[in-house]
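Shown here: start_39.cif, mmCIF, C-alpha atoms.
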```cif
data_target
loop_
_atom_site.label_atom_id
_atom_site.label_comp_id
_atom_site.auth_asym_id
_atom_site.auth_seq_id
_atom_site.Cartn_x
_atom_site.Cartn_y
_atom_site.Cartn_z
CA MET A 1 30.65 62.84 -16.56
CA HIS A 2 33.48 63.58 -19.00
CA LYS A 3 34.26 59.88 -19.27
CA LEU A 4 30.63 59.16 -20.25
CA TYR A 5 30.81 61.56 -23.22
CA GLU A 6 34.21 60.19 -24.18
CA ARG A 7 32.76 56.68 -24.29
CA GLN A 8 29.86 57.86 -26.47
CA VAL A 9 32.13 59.73 -28.90
CA VAL A 10 34.50 56.76 -29.26
CA GLY A 11 31.52 54.45 -29.70
CA LEU A 12 30.03 56.68 -32.41
CA ALA A 13 33.38 56.85 -34.22
CA LEU A 14 33.67 53.05 -34.09
CA ILE A 15 30.12 52.65 -35.41
CA ILE A 16 30.97 54.91 -38.36
CA LEU A 17 34.24 53.01 -39.00
CA THR A 18 32.43 49.67 -38.74
CA ALA A 19 29.71 50.82 -41.13
CA LEU A 20 32.23 52.12 -43.65
CA ALA A 21 34.33 48.94 -43.36
CA GLY A 22 31.17 46.84 -43.79
CA ILE A 23 30.13 48.78 -46.91
CA ASP A 24 33.67 48.45 -48.32
CA LEU A 25 33.67 44.73 -47.54
CA LEU A 26 30.35 44.20 -49.32
CA HIS A 27 31.52 46.29 -52.27
CA ASP A 28 34.80 44.31 -52.55
CA ILE A 29 32.97 40.96 -52.34
CA ALA A 30 30.49 42.06 -55.01
CA GLY A 31 33.32 43.42 -57.17
CA GLY A 32 35.22 40.11 -57.08
CA ASP A 33 38.32 41.39 -55.27
CA THR A 34 41.12 39.03 -54.28
CA THR A 35 40.97 36.98 -51.12
CA ILE A 36 43.69 39.05 -49.49
CA MET A 37 41.77 42.26 -50.16
CA VAL A 38 38.58 40.73 -48.74
CA LEU A 39 40.52 39.43 -45.71
CA HIS A 40 41.91 42.94 -45.20
CA ASP A 41 38.39 44.34 -45.27
CA VAL A 42 37.19 41.64 -42.84
CA LEU A 43 39.90 42.78 -40.39
CA ASN A 44 38.95 46.41 -40.95
CA PHE A 45 35.37 45.45 -40.12
CA GLY A 46 36.15 43.03 -37.25
CA ILE A 47 38.48 45.23 -35.22
CA PRO A 48 35.98 48.10 -34.76
CA CYS A 49 33.27 45.52 -34.01
CA GLY A 50 35.49 43.98 -31.33
CA LEU A 51 36.23 47.40 -29.84
CA LEU A 52 32.53 48.25 -29.80
CA LEU A 53 31.79 44.97 -28.03
CA TYR A 54 34.50 45.75 -25.48
CA ILE A 55 33.34 49.34 -24.89
CA TRP A 56 29.62 48.61 -24.65
CA LYS A 57 29.50 45.14 -23.12
CA LEU A 58 32.73 43.94 -21.53
CA GLU A 59 33.97 47.17 -19.89
CA PRO A 60 30.63 47.83 -18.12
CA LEU A 61 30.60 44.21 -16.92
CA LYS A 62 34.12 44.61 -15.52
CA SER A 63 33.07 47.85 -13.84
CA GLN A 64 29.99 46.20 -12.34
CA ARG A 65 32.06 43.29 -11.00
CA ARG A 66 34.63 45.70 -9.56
CA GLN A 67 31.88 47.76 -7.97
CA LYS A 68 30.26 44.60 -6.54
CA ARG A 69 33.61 43.48 -5.04
CA LEU A 70 34.16 46.92 -3.51
CA LEU A 71 30.66 46.88 -2.08
CA GLN A 72 31.28 43.44 -0.55
CA VAL A 73 34.56 44.65 0.96
CA ALA A 74 32.80 47.72 2.35
CA GLN A 75 30.05 45.55 3.86
CA ARG A 76 32.64 43.23 5.47
CA GLN A 77 34.53 46.22 6.84
CA ARG A 78 31.30 47.72 8.16
CA ALA A 79 30.47 44.42 9.88
CA ASP A 80 34.00 44.25 11.31
CA LEU A 81 33.66 47.81 12.57
CA VAL A 82 30.38 46.96 14.28
CA GLN A 83 32.00 43.93 15.93
CA LEU A 84 35.00 45.97 17.06
CA SER A 85 32.72 48.69 18.38
CA LEU A 86 30.75 46.12 20.38
CA LEU A 87 33.95 44.62 21.73
CA ALA A 88 35.30 48.04 22.68
CA ARG A 89 31.98 48.86 24.35
CA LYS A 90 32.10 45.63 26.38
CA GLN A 91 35.67 46.35 27.40
CA LEU A 92 34.77 49.88 28.47
CA GLU A 93 31.84 48.53 30.44
CA GLY A 94 34.21 46.07 32.09
CA LEU A 95 36.59 48.90 32.94
CA ALA A 96 33.71 50.90 34.42
CA VAL A 97 32.74 47.91 36.58
CA PHE A 98 36.38 47.52 37.64
CA ILE A 99 36.69 51.19 38.56
CA ASN A 100 33.35 51.22 40.42
CA ALA A 101 34.32 48.10 42.36
CA HIS A 102 37.46 49.84 43.61
CA PHE A 103 35.50 52.97 44.46
CA GLU A 104 33.15 50.78 46.53
CA ASN A 105 36.09 49.01 48.23
CA TRP A 106 37.56 52.40 49.12
CA ASP A 107 34.17 53.49 50.59
CA LEU A 108 34.04 56.66 48.49
CA THR A 109 30.99 58.87 48.83
CA PRO A 110 29.01 59.64 45.65
CA ALA A 111 30.66 63.08 45.50
CA GLU A 112 34.13 61.55 45.90
CA LYS A 113 33.35 58.97 43.19
CA GLU A 114 32.38 61.75 40.82
CA VAL A 115 35.54 63.73 41.60
CA ALA A 116 37.66 60.58 41.19
CA LEU A 117 36.14 59.90 37.75
CA LEU A 118 36.73 63.49 36.67
CA LEU A 119 40.33 63.24 37.89
CA LEU A 120 40.77 60.05 35.84
CA LYS A 121 39.37 61.84 32.81
CA GLY A 122 42.04 64.53 33.24
CA PHE A 123 39.97 67.50 34.34
CA SER A 124 41.71 70.21 36.36
CA MET A 125 40.50 71.16 39.84
CA ARG A 126 39.00 74.37 38.42
CA GLU A 127 37.12 72.37 35.74
CA ILE A 128 35.91 69.83 38.31
CA ALA A 129 34.65 72.65 40.53
CA ASP A 130 32.87 74.30 37.60
CA LEU A 131 31.33 71.03 36.38
CA ARG A 132 30.07 70.10 39.84
CA ASP A 133 29.10 73.67 40.76
CA ILE A 134 31.23 73.62 43.89
CA SER A 135 34.22 75.65 45.04
CA GLU A 136 37.69 74.69 43.94
CA ARG A 137 38.59 74.23 47.61
CA THR A 138 35.80 71.66 48.03
CA ALA A 139 36.96 69.83 44.91
CA ARG A 140 40.51 69.69 46.33
CA GLN A 141 39.23 68.40 49.69
CA GLN A 142 37.22 65.67 47.98
CA ALA A 143 40.23 64.73 45.82
CA THR A 144 42.38 64.53 48.94
CA ALA A 145 39.77 62.26 50.55
CA VAL A 146 39.89 60.01 47.45
CA TYR A 147 43.68 59.77 47.68
CA GLY A 148 43.55 59.07 51.40
CA LYS A 149 40.87 56.37 51.18
CA SER A 150 42.54 54.69 48.22
CA GLY A 151 46.03 54.82 49.69
CA LEU A 152 47.29 56.33 46.46
CA ASN A 153 49.60 59.28 46.12
CA GLY A 154 47.79 61.96 44.11
CA ARG A 155 46.29 62.14 40.65
CA THR A 156 49.23 60.32 39.03
CA GLY A 157 48.93 57.42 41.45
CA LEU A 158 45.18 57.21 40.87
CA SER A 159 45.59 57.15 37.10
CA ALA A 160 48.49 54.69 37.24
CA PHE A 161 46.47 52.35 39.48
CA PHE A 162 43.85 51.84 36.75
CA LEU A 163 46.16 52.12 33.75
CA GLU A 164 48.52 49.44 35.05
CA ASP A 165 46.00 46.70 34.27
CA LEU A 166 45.42 48.07 30.78
CA LEU A 167 49.06 47.80 29.73
CA LEU A 168 50.18 44.77 27.78
CA PRO A 169 51.75 42.16 30.06
CA GLU A 170 54.64 41.38 27.70
CA VAL A 171 56.89 43.57 25.56
CA CYS A 172 59.80 42.85 23.22
CA ASP A 173 63.18 43.92 24.51
CA THR A 174 64.80 47.05 23.11
CA PHE A 175 66.96 45.09 20.64
CA GLY A 176 63.99 43.51 18.85
CA ASN A 177 64.72 39.95 20.03
CA ASP A 178 61.89 37.49 20.15
CA GLN A 179 62.28 37.08 23.90
CA THR A 180 59.65 38.84 25.92
CA GLN A 181 59.67 40.08 29.44
CA THR A 182 56.89 40.78 31.87
CA LEU A 183 56.40 44.39 32.94
CA LYS A 184 56.90 44.93 36.63
CA ILE A 185 55.40 48.10 37.98
CA ALA A 186 56.31 49.04 41.51
#
```
For the file at hand, write its structure as structure tokens.
Amino acid sequence: MHKLYERQVVGLALIILTALAGIDLLHDIAGGDTTIMVLHDVLNFGIPCGLLLYIWKLEPLKSQRRQKRLLQVAQRQRADLVQLSLLARKQLEGLAVFINAHFENWDLTPAEKEVALLLLKGFSMREIADLRDISERTARQQATAVYGKSGLNGRTGLSAFFLEDLLLPEVCDTFGNDQTQTLKIA
């Protein structure tokens, strides 16, 4: 808002200067002043006119172009975000299918599947019991059944089983060389 008033005040001052320089120029031409004096008055008239043109025409055009470019960048970024969101959603759906396939292979009951998912999400036994409206002892028994049917050793083993496939297959060595090595998880 302050900048708008500043632009108007500067514009008004330039209009006054231009008008005064124009009157002086006409007076000098009518009075038969020398060419140098008239040229001086032409410059005194032309510079404020040029500044007015810049303030009222060129600067707003530059601002509009800048705003248009920023809007285009924002639209591209929004489109990229939508694409990335869709890709992430597909990957999560793929992970869900992967997890469910293993749950099916392990012959987990629906209750055990639910407990296994809550374990993967990091809930404590107390939280799992509260969420499922069961006792903490029942939640522990179902978790133990999940570990037994899957052949995995506890919550860490369950999480590691699914996270292993999410890790990048190659990493740079610790010295930053270009050589890569494959991760081997026992």
Interface rows for stretch 62-117 of chain A against stretch 45-58 of chain A: nearest pair, Å to one decimal, 12 Å, all atoms listed in the file, as CSV:
```
residue,atom,partner,partner_atom,distance
A:Lys62,CA,A:Leu58,CA,6.2
A:Ser63,CA,A:Leu58,CA,8.6
A:Gln64,CA,A:Leu58,CA,9.9
A:Arg65,CA,A:Leu58,CA,10.6
```
Point to revise | Picked residues, the PyMOL selection byres ((chain A and resi 107) around 12), expected as a ChimeraX atom specification | key: /A:100-106,108-113,145-151
**Study point:** Residues matched by the PyMOL selection byres ((chain A and resi 161-164) around 9), written as a ChimeraX atom specification
**Key:** /A:95,98-99,120,152,156-160,165-168,185
If you keep C-alpha atoms, can you produce a file of those selected residues as an mmCIF file, in the coordinates of the input?
```cif
data_model
loop_
_atom_site.group_PDB
_atom_site.id
_atom_site.type_symbol
_atom_site.label_atom_id
_atom_site.label_comp_id
_atom_site.auth_asym_id
_atom_site.auth_seq_id
_atom_site.Cartn_x
_atom_site.Cartn_y
_atom_site.Cartn_z
ATOM 1 C CA LEU A 95 36.590 48.900 32.940
ATOM 2 C CA PHE A 98 36.380 47.520 37.640
ATOM 3 C CA ILE A 99 36.690 51.190 38.560
ATOM 4 C CA LEU A 120 40.770 60.050 35.840
ATOM 5 C CA LEU A 152 47.290 56.330 46.460
ATOM 6 C CA THR A 156 49.230 60.320 39.030
ATOM 7 C CA GLY A 157 48.930 57.420 41.450
ATOM 8 C CA LEU A 158 45.180 57.210 40.870
ATOM 9 C CA SER A 159 45.590 57.150 37.100
ATOM 10 C CA ALA A 160 48.490 54.690 37.240
ATOM 11 C CA ASP A 165 46.000 46.700 34.270
ATOM 12 C CA LEU A 166 45.420 48.070 30.780
ATOM 13 C CA LEU A 167 49.060 47.800 29.730
ATOM 14 C CA LEU A 168 50.180 44.770 27.780
ATOM 15 C CA ILE A 185 55.400 48.100 37.980
#
```
Exercise for review: I would like the residues chosen by the PyMOL selection byres ((chain A and resi 16-23) around 6) on the shown file; could you give them as an MDAnalysis selection string?
Suggested key: chainID A and resid 13:15 24:26 44:45 48
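Atom pair atom CA of A:Ala116 / atom CA of A:Ala143 has a distance of 6.7 Å (rounded to one decimal).
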Check your understanding: Please, what distance in Å, to one decimal, runs between atom CA of A:Leu43 and atom CA of A:Ala30?
Key -> 17.4 Å
Exercise for review: Record the distance separating atom CA of A:Asn153 and atom CA of A:Leu119, expressed in Å with one decimal.
Suggested key: 13.0 Å
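Minimum atom-to-atom distances from A:Ala79, A:Val73, A:Leu118, A:Leu12 to A:Ala139 were compared using all atoms listed in the file, and the lowest value belongs to A:Leu118.
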